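One file, final.txt, carrying compact mmCIF, N, CA and C atoms:
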# COMPACT_ATOMS: atom_id res chain seq x y z
N MET A 23 24.47 -118.21 83.71
CA MET A 23 23.40 -119.17 83.51
C MET A 23 22.20 -118.75 84.35
N ALA A 24 21.06 -118.72 83.72
CA ALA A 24 19.84 -118.29 84.40
C ALA A 24 19.41 -119.32 85.44
N LEU A 25 18.90 -118.80 86.52
CA LEU A 25 18.40 -119.65 87.60
C LEU A 25 17.06 -120.25 87.20
N ASP A 26 16.94 -121.57 87.27
CA ASP A 26 15.67 -122.25 87.00
C ASP A 26 14.93 -122.35 88.33
N ILE A 27 14.06 -121.39 88.59
CA ILE A 27 13.39 -121.29 89.88
C ILE A 27 12.47 -122.48 90.13
N GLN A 28 11.77 -122.93 89.11
CA GLN A 28 10.90 -124.09 89.26
C GLN A 28 11.71 -125.31 89.69
N LYS A 29 12.84 -125.53 89.02
CA LYS A 29 13.69 -126.68 89.35
C LYS A 29 14.28 -126.52 90.75
N LEU A 30 14.67 -125.29 91.11
CA LEU A 30 15.25 -125.04 92.43
C LEU A 30 14.29 -125.45 93.53
N PHE A 31 13.03 -124.97 93.46
CA PHE A 31 12.08 -125.21 94.55
C PHE A 31 11.36 -126.55 94.45
N ASN A 32 11.23 -127.11 93.24
CA ASN A 32 10.50 -128.37 93.10
C ASN A 32 11.40 -129.60 93.16
N GLU A 33 12.71 -129.43 92.87
CA GLU A 33 13.60 -130.58 92.83
C GLU A 33 14.84 -130.40 93.71
N GLU A 34 15.62 -129.36 93.43
CA GLU A 34 16.92 -129.22 94.08
C GLU A 34 16.82 -128.97 95.58
N LEU A 35 16.00 -128.00 96.00
CA LEU A 35 15.89 -127.70 97.42
C LEU A 35 15.28 -128.86 98.21
N PRO A 36 14.18 -129.48 97.74
CA PRO A 36 13.66 -130.63 98.50
C PRO A 36 14.69 -131.76 98.64
N ALA A 37 15.46 -132.02 97.60
CA ALA A 37 16.48 -133.08 97.67
C ALA A 37 17.58 -132.69 98.65
N ALA A 38 18.01 -131.42 98.63
CA ALA A 38 19.05 -130.97 99.55
C ALA A 38 18.56 -131.02 100.99
N LEU A 39 17.30 -130.67 101.22
CA LEU A 39 16.74 -130.73 102.57
C LEU A 39 16.70 -132.17 103.07
N ALA A 40 16.33 -133.10 102.19
CA ALA A 40 16.28 -134.51 102.58
C ALA A 40 17.67 -135.02 102.94
N ARG A 41 18.69 -134.60 102.20
CA ARG A 41 20.07 -135.04 102.47
C ARG A 41 20.63 -134.43 103.76
N ASN A 42 20.09 -133.28 104.15
CA ASN A 42 20.59 -132.55 105.33
C ASN A 42 19.47 -132.35 106.35
N ALA A 43 18.66 -133.36 106.54
CA ALA A 43 17.44 -133.25 107.34
C ALA A 43 17.69 -132.74 108.76
N ASP A 44 18.63 -133.31 109.47
CA ASP A 44 18.85 -132.89 110.85
C ASP A 44 19.31 -131.44 110.95
N GLU A 45 20.24 -131.07 110.08
CA GLU A 45 20.73 -129.69 110.08
C GLU A 45 19.62 -128.72 109.67
N ALA A 46 18.80 -129.13 108.71
CA ALA A 46 17.69 -128.27 108.27
C ALA A 46 16.68 -128.08 109.40
N LYS A 47 16.31 -129.16 110.09
CA LYS A 47 15.35 -129.06 111.18
C LYS A 47 15.85 -128.16 112.30
N ALA A 48 17.17 -128.09 112.47
CA ALA A 48 17.76 -127.25 113.51
C ALA A 48 17.48 -125.76 113.27
N MET A 49 17.14 -125.40 112.04
CA MET A 49 16.80 -124.00 111.75
C MET A 49 15.49 -123.61 112.44
N ASN A 50 14.63 -124.61 112.68
CA ASN A 50 13.37 -124.44 113.40
C ASN A 50 12.54 -123.27 112.86
N ALA A 51 12.18 -123.37 111.57
CA ALA A 51 11.43 -122.29 110.94
C ALA A 51 10.49 -122.81 109.87
N LYS A 52 9.48 -122.01 109.59
CA LYS A 52 8.56 -122.26 108.48
C LYS A 52 8.48 -120.97 107.68
N VAL A 53 8.80 -121.09 106.38
CA VAL A 53 8.95 -119.90 105.54
C VAL A 53 8.09 -120.01 104.29
N GLN A 54 7.35 -118.97 104.02
CA GLN A 54 6.57 -118.88 102.79
C GLN A 54 7.37 -118.08 101.78
N MET A 55 7.71 -118.68 100.64
CA MET A 55 8.45 -118.00 99.57
C MET A 55 7.50 -117.69 98.43
N ASN A 56 7.37 -116.41 98.10
CA ASN A 56 6.53 -115.97 96.99
C ASN A 56 7.44 -115.35 95.94
N ILE A 57 7.63 -116.06 94.83
CA ILE A 57 8.50 -115.60 93.77
C ILE A 57 7.61 -115.05 92.65
N THR A 58 7.58 -113.74 92.54
CA THR A 58 6.70 -113.07 91.59
C THR A 58 6.93 -113.59 90.17
N GLY A 59 5.85 -114.03 89.55
CA GLY A 59 5.92 -114.52 88.19
C GLY A 59 6.38 -115.97 88.08
N GLU A 60 6.72 -116.60 89.19
CA GLU A 60 7.24 -117.97 89.16
C GLU A 60 6.40 -118.95 89.97
N GLY A 61 5.96 -118.53 91.15
CA GLY A 61 5.18 -119.43 91.99
C GLY A 61 5.38 -119.16 93.46
N GLU A 62 4.76 -120.01 94.27
CA GLU A 62 4.80 -119.90 95.72
C GLU A 62 5.13 -121.26 96.30
N TRP A 63 6.01 -121.24 97.32
CA TRP A 63 6.42 -122.48 97.97
C TRP A 63 6.46 -122.28 99.47
N PHE A 64 6.13 -123.35 100.19
CA PHE A 64 6.20 -123.33 101.64
C PHE A 64 7.35 -124.23 102.06
N ILE A 65 8.28 -123.67 102.81
CA ILE A 65 9.46 -124.41 103.24
C ILE A 65 9.36 -124.63 104.75
N ASP A 66 9.35 -125.88 105.15
CA ASP A 66 9.27 -126.25 106.56
C ASP A 66 10.60 -126.86 106.98
N VAL A 67 11.37 -126.08 107.74
CA VAL A 67 12.62 -126.59 108.30
C VAL A 67 12.50 -126.55 109.82
N SER A 68 11.40 -127.13 110.29
CA SER A 68 11.15 -127.25 111.72
C SER A 68 11.16 -128.73 112.08
N ALA A 69 10.77 -129.05 113.28
CA ALA A 69 10.75 -130.45 113.72
C ALA A 69 9.81 -131.30 112.87
N THR A 70 8.80 -130.68 112.24
CA THR A 70 7.86 -131.44 111.41
C THR A 70 8.35 -131.59 109.98
N GLY A 71 9.44 -130.94 109.62
CA GLY A 71 9.98 -130.98 108.26
C GLY A 71 11.09 -132.02 108.15
N PRO A 72 12.01 -131.81 107.26
CA PRO A 72 12.07 -130.70 106.33
C PRO A 72 11.30 -131.01 105.05
N SER A 73 10.74 -129.95 104.48
CA SER A 73 10.03 -130.10 103.22
C SER A 73 9.96 -128.77 102.50
N CYS A 74 9.76 -128.85 101.21
CA CYS A 74 9.53 -127.68 100.36
C CYS A 74 8.43 -128.07 99.40
N THR A 75 7.25 -127.47 99.59
CA THR A 75 6.08 -127.87 98.80
C THR A 75 5.45 -126.66 98.12
N PRO A 76 4.91 -126.86 96.91
CA PRO A 76 4.23 -125.75 96.24
C PRO A 76 3.00 -125.33 97.03
N GLY A 77 2.70 -124.04 96.97
CA GLY A 77 1.49 -123.54 97.62
C GLY A 77 1.79 -122.50 98.68
N THR A 78 0.73 -122.14 99.37
CA THR A 78 0.81 -121.08 100.37
C THR A 78 0.32 -121.60 101.71
N GLN A 79 1.11 -121.34 102.74
CA GLN A 79 0.73 -121.64 104.11
C GLN A 79 1.25 -120.52 105.00
N VAL A 80 0.77 -120.47 106.21
CA VAL A 80 1.25 -119.46 107.15
C VAL A 80 2.54 -119.96 107.79
N GLY A 81 3.56 -119.14 107.75
CA GLY A 81 4.84 -119.51 108.32
C GLY A 81 5.32 -118.47 109.31
N ASP A 82 6.55 -118.62 109.75
CA ASP A 82 7.16 -117.65 110.66
C ASP A 82 7.50 -116.36 109.95
N CYS A 83 7.78 -116.46 108.64
CA CYS A 83 7.99 -115.27 107.83
C CYS A 83 7.61 -115.59 106.40
N ALA A 84 7.31 -114.54 105.66
CA ALA A 84 6.99 -114.67 104.24
C ALA A 84 7.92 -113.75 103.47
N ILE A 85 8.46 -114.26 102.40
CA ILE A 85 9.38 -113.50 101.57
C ILE A 85 8.78 -113.39 100.17
N THR A 86 8.76 -112.17 99.66
CA THR A 86 8.28 -111.92 98.31
C THR A 86 9.40 -111.24 97.54
N ILE A 87 9.73 -111.83 96.39
CA ILE A 87 10.83 -111.32 95.57
C ILE A 87 10.57 -111.75 94.13
N ALA A 88 11.00 -110.92 93.17
CA ALA A 88 10.88 -111.28 91.76
C ALA A 88 11.97 -112.27 91.39
N GLY A 89 11.71 -113.07 90.38
CA GLY A 89 12.67 -114.08 89.94
C GLY A 89 14.07 -113.54 89.66
N PRO A 90 14.20 -112.46 88.87
CA PRO A 90 15.55 -111.93 88.59
C PRO A 90 16.27 -111.44 89.85
N ASP A 91 15.50 -110.91 90.80
CA ASP A 91 16.12 -110.46 92.05
C ASP A 91 16.54 -111.63 92.92
N LEU A 92 15.78 -112.73 92.87
CA LEU A 92 16.19 -113.94 93.60
C LEU A 92 17.50 -114.46 93.03
N GLU A 93 17.62 -114.40 91.71
CA GLU A 93 18.86 -114.84 91.08
C GLU A 93 20.04 -113.98 91.55
N LYS A 94 19.84 -112.68 91.65
CA LYS A 94 20.89 -111.79 92.16
C LYS A 94 21.26 -112.17 93.59
N LEU A 95 20.24 -112.46 94.39
CA LEU A 95 20.46 -112.83 95.78
C LEU A 95 21.20 -114.15 95.91
N MET A 96 20.87 -115.10 95.04
CA MET A 96 21.53 -116.41 95.08
C MET A 96 23.00 -116.26 94.66
N ASP A 97 23.26 -115.39 93.68
CA ASP A 97 24.64 -115.17 93.22
C ASP A 97 25.46 -114.42 94.25
N ASN A 98 24.80 -113.51 94.99
CA ASN A 98 25.51 -112.66 95.95
C ASN A 98 24.64 -112.45 97.18
N PRO A 99 24.73 -113.34 98.19
CA PRO A 99 23.89 -113.23 99.38
C PRO A 99 23.97 -111.87 100.08
N SER A 100 25.07 -111.16 99.93
CA SER A 100 25.19 -109.86 100.59
C SER A 100 24.31 -108.80 99.91
N ALA A 101 23.71 -109.13 98.77
CA ALA A 101 22.82 -108.19 98.07
C ALA A 101 21.46 -108.09 98.76
N GLY A 102 21.21 -108.95 99.74
CA GLY A 102 19.91 -108.98 100.41
C GLY A 102 19.49 -107.64 101.00
N MET A 103 20.39 -106.98 101.68
CA MET A 103 20.05 -105.70 102.30
C MET A 103 19.75 -104.64 101.23
N THR A 104 20.53 -104.64 100.17
CA THR A 104 20.30 -103.68 99.08
C THR A 104 18.92 -103.91 98.47
N LEU A 105 18.60 -105.17 98.20
CA LEU A 105 17.29 -105.50 97.62
C LEU A 105 16.17 -105.13 98.59
N PHE A 106 16.39 -105.38 99.88
CA PHE A 106 15.37 -105.07 100.89
C PHE A 106 15.10 -103.57 100.94
N PHE A 107 16.15 -102.77 101.03
CA PHE A 107 15.96 -101.33 101.15
C PHE A 107 15.48 -100.70 99.84
N ALA A 108 15.68 -101.39 98.72
CA ALA A 108 15.17 -100.91 97.44
C ALA A 108 13.71 -101.32 97.23
N GLY A 109 13.16 -102.09 98.18
CA GLY A 109 11.78 -102.54 98.07
C GLY A 109 11.59 -103.73 97.15
N LYS A 110 12.68 -104.37 96.76
CA LYS A 110 12.60 -105.51 95.85
C LYS A 110 12.54 -106.84 96.58
N LEU A 111 12.82 -106.81 97.87
CA LEU A 111 12.75 -107.99 98.73
C LEU A 111 11.85 -107.61 99.89
N LYS A 112 10.68 -108.21 99.94
CA LYS A 112 9.73 -107.88 101.00
C LYS A 112 9.66 -109.04 101.99
N VAL A 113 9.70 -108.70 103.27
CA VAL A 113 9.66 -109.70 104.32
C VAL A 113 8.57 -109.32 105.31
N THR A 114 7.68 -110.27 105.58
CA THR A 114 6.69 -110.07 106.64
C THR A 114 6.92 -111.14 107.68
N GLY A 115 6.59 -110.83 108.91
CA GLY A 115 6.83 -111.77 110.00
C GLY A 115 8.21 -111.58 110.58
N ASN A 116 8.86 -112.66 110.93
CA ASN A 116 10.15 -112.64 111.60
C ASN A 116 11.27 -112.25 110.63
N GLN A 117 11.63 -110.98 110.62
CA GLN A 117 12.65 -110.50 109.70
C GLN A 117 14.04 -111.05 110.03
N MET A 118 14.30 -111.31 111.29
CA MET A 118 15.60 -111.88 111.67
C MET A 118 15.78 -113.28 111.07
N LEU A 119 14.69 -114.01 110.98
CA LEU A 119 14.74 -115.33 110.37
C LEU A 119 15.12 -115.23 108.89
N ALA A 120 14.59 -114.23 108.21
CA ALA A 120 14.89 -114.05 106.79
C ALA A 120 16.38 -113.86 106.56
N MET A 121 17.05 -113.25 107.51
CA MET A 121 18.48 -113.00 107.36
C MET A 121 19.30 -114.29 107.45
N LYS A 122 18.71 -115.33 107.99
CA LYS A 122 19.41 -116.61 108.15
C LYS A 122 19.14 -117.57 106.98
N LEU A 123 18.34 -117.16 106.03
CA LEU A 123 17.91 -118.08 104.99
C LEU A 123 18.98 -118.45 103.97
N ASN A 124 20.07 -117.69 103.91
CA ASN A 124 21.12 -118.11 102.97
C ASN A 124 21.65 -119.48 103.34
N LYS A 125 21.56 -119.84 104.63
CA LYS A 125 21.96 -121.18 105.05
C LYS A 125 21.07 -122.24 104.38
N LEU A 126 19.79 -121.91 104.26
CA LEU A 126 18.84 -122.82 103.65
C LEU A 126 19.27 -123.19 102.22
N PHE A 127 19.73 -122.18 101.49
CA PHE A 127 20.10 -122.42 100.10
C PHE A 127 21.55 -122.89 99.94
N SER A 128 22.26 -123.03 101.07
CA SER A 128 23.63 -123.54 101.00
C SER A 128 23.68 -125.06 101.11
N PHE A 129 22.57 -125.70 101.48
CA PHE A 129 22.55 -127.16 101.56
C PHE A 129 22.77 -127.76 100.17
N LYS A 130 23.60 -128.77 100.12
CA LYS A 130 23.89 -129.44 98.84
C LYS A 130 23.35 -130.85 98.84

Would you kindly transcribe this structure into structure tokens?
Amino acid sequence: MALDIQKLFNEELPAALARNADEAKAMNAKVQMNITGEGEWFIDVSATGPSCTPGTQVGDCAITIAGPDLEKLMDNPSAGMTLFFAGKLKVTGNQMLAMKLNKLFSFK
């Protein structure tokens, strides 16, 4: 089943963050997600969050990835390093933070 990226970032992730607010805030991060061909979202899982809103803001790290590659990453989190070294997953800013983001998408 294809990943609905719009639904993920506009509905599912914001709802999951709201349900897990304290745990999300403990991540203490602000992340800019740029999904090529799909859109851009700013995820705030710091003391001022949690939230996931459309648009671009400056965060602790920025991640750029194409939609199909994000789907691969969601299906298999261990694919992150392969995508990174293949140039399909670009990270600017705090790269160590990017490695912890699978927790962000594990909230239900």

Apply DSSP to the structure's backbone, then extract all residues of chain A labelled alpha helix (DSSP H) and return them as JSON, numbers by chain. {"A": [27, 28, 29, 35, 36, 37, 38, 39, 40, 41, 43, 44, 45, 46, 47, 89, 90, 91, 92, 93, 94, 95, 96, 97, 102, 103, 104, 105, 106, 107, 117, 118, 119, 120]}

Centre, edges in Å (one decimal): axis-aligned box, segment 44-59 of chain A, 3 Å padding on all six sides, as AutoDock Vina command-line options:
--center_x 13.3 --center_y -123.2 --center_z 100.8 --size_x 20.9 --size_y 26.2 --size_z 31.4

Please return as number ranges by chain: the residues of chain A that backbone DSSP assigns to strand (DSSP E or B). A: 51-58, 61-67, 73-76, 83-88, 111-115

Could you give me, as a count of residues only, the residues within 8 Å of Leu119 of chain A, counting only N, CA and C atoms and dropping anything in the same chain fewer than 5 positions from it? 4

Using only C-alpha atoms, which residue out of A:Gln28, A:Val53, A:Pro76, A:Ser68 lies closest to Met121 of chain A?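 That would be A:Val53, the residue with the smallest distance to Met121 of chain A.
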
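With all atoms listed in the file taken into account, the protein and nucleic acid residues at most 8 Å from Gly59 of chain A (excluding it and anything under 2 positions from it in its own chain) are Asn56, Ile57, Gly61, Glu62, Ile87, Ala88 and Gly89 of chain A.
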
Those same residues, written as a PDB file, in the coordinates of the input with N, CA and C atoms?
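The resulting file, result-v4.pdb, is reproduced below:
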ATOM      1  N   ASN A  56       7.370-116.410  98.100  1.00  0.00           N
ATOM      2  CA  ASN A  56       6.530-115.970  96.990  1.00  0.00           C
ATOM      3  C   ASN A  56       7.440-115.350  95.940  1.00  0.00           C
ATOM      4  N   ILE A  57       7.630-116.060  94.830  1.00  0.00           N
ATOM      5  CA  ILE A  57       8.500-115.600  93.770  1.00  0.00           C
ATOM      6  C   ILE A  57       7.610-115.050  92.650  1.00  0.00           C
ATOM      7  N   GLY A  61       5.960-118.530  91.150  1.00  0.00           N
ATOM      8  CA  GLY A  61       5.180-119.430  91.990  1.00  0.00           C
ATOM      9  C   GLY A  61       5.380-119.160  93.460  1.00  0.00           C
ATOM     10  N   GLU A  62       4.760-120.010  94.270  1.00  0.00           N
ATOM     11  CA  GLU A  62       4.800-119.900  95.720  1.00  0.00           C
ATOM     12  C   GLU A  62       5.130-121.260  96.300  1.00  0.00           C
ATOM     13  N   ILE A  87       9.730-111.830  96.390  1.00  0.00           N
ATOM     14  CA  ILE A  87      10.830-111.320  95.570  1.00  0.00           C
ATOM     15  C   ILE A  87      10.570-111.750  94.130  1.00  0.00           C
ATOM     16  N   ALA A  88      11.000-110.920  93.170  1.00  0.00           N
ATOM     17  CA  ALA A  88      10.880-111.280  91.760  1.00  0.00           C
ATOM     18  C   ALA A  88      11.970-112.270  91.390  1.00  0.00           C
ATOM     19  N   GLY A  89      11.710-113.070  90.380  1.00  0.00           N
ATOM     20  CA  GLY A  89      12.670-114.080  89.940  1.00  0.00           C
ATOM     21  C   GLY A  89      14.070-113.540  89.660  1.00  0.00           C
TER      22      GLY A  89
END

Can you tell me, as a ChimeraX atom specification, what residues are no more than 8 Å from Thr70 of chain A when counting all atoms listed in the file, ignoring any on the same chain fewer than 4 positions away? /A:47,50,66

Selected residues written out with N, CA and C atoms, as a compact mmCIF listing (two decimals), keeping the file's coordinate frame:
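Final file, selection_16.txt:
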# COMPACT_ATOMS: atom_id res chain seq x y z
N LYS A 47 16.31 -129.16 110.09
CA LYS A 47 15.35 -129.06 111.18
C LYS A 47 15.85 -128.16 112.30
N ASN A 50 14.63 -124.61 112.68
CA ASN A 50 13.37 -124.44 113.40
C ASN A 50 12.54 -123.27 112.86
N ASP A 66 9.35 -125.88 105.15
CA ASP A 66 9.27 -126.25 106.56
C ASP A 66 10.60 -126.86 106.98

Residue with smallest distance to Met118 of chain A - pool A:Thr58, A:Ala24, A:Gln79, A:Ile85, counting only C-alpha atoms: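 Under the stated criterion, the closest residue is A:Ile85.
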
Residues near segment 91-101 of chain A, cut-off 7 Å, only N, CA and C atoms, skip fewer than 5 positions along chain, as a CSV table (one decimal) with N, CA and C atoms, in the coordinates of the input:
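As a result, out_28.csv now contains:
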chain,number,residue,atom,x,y,z
A,25,LEU,N,18.9,-118.8,86.5
A,25,LEU,CA,18.4,-119.6,87.6
A,25,LEU,C,17.1,-120.2,87.2
A,106,PHE,N,16.4,-105.4,99.9
A,106,PHE,CA,15.4,-105.1,100.9
A,106,PHE,C,15.1,-103.6,100.9
A,110,LYS,N,12.7,-104.4,96.8
A,110,LYS,CA,12.6,-105.5,95.8
A,110,LYS,C,12.5,-106.8,96.6
A,124,ASN,N,20.1,-117.7,103.9
A,124,ASN,CA,21.1,-118.1,103.0
A,124,ASN,C,21.6,-119.5,103.3

Quick one: residues within 8 Å of Phe31 of chain A, all atoms listed in the file, excluding same-chain residues fewer than 3 positions away - as a ChimeraX atom specification? /A:26-28,34-37,63,74-76

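Nearest residue to Gly115 of chain A among A:Ala84, A:Met103, A:Leu39, A:Met49 is A:Ala84, counting all atoms listed in the file.
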
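Put simply, atom N of Gln54 of chain A is 8.5 Å away from atom C of Gly77 of chain A.
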
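Between atom C of Ala38 of chain A and atom N of Phe64 of chain A there is a distance of 14.6 Å.
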
When you count only C-alpha atoms, which of these residues is closest to Glu45 of chain A: A:Ala120, A:Leu30, A:Ala69, A:Val113?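 Among the listed residues, the smallest separation from Glu45 of chain A belongs to A:Ala69.
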
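Computed from the coordinates, the atom C of Gly71 of chain A to atom C of Ala40 of chain A distance equals 8.9 Å.
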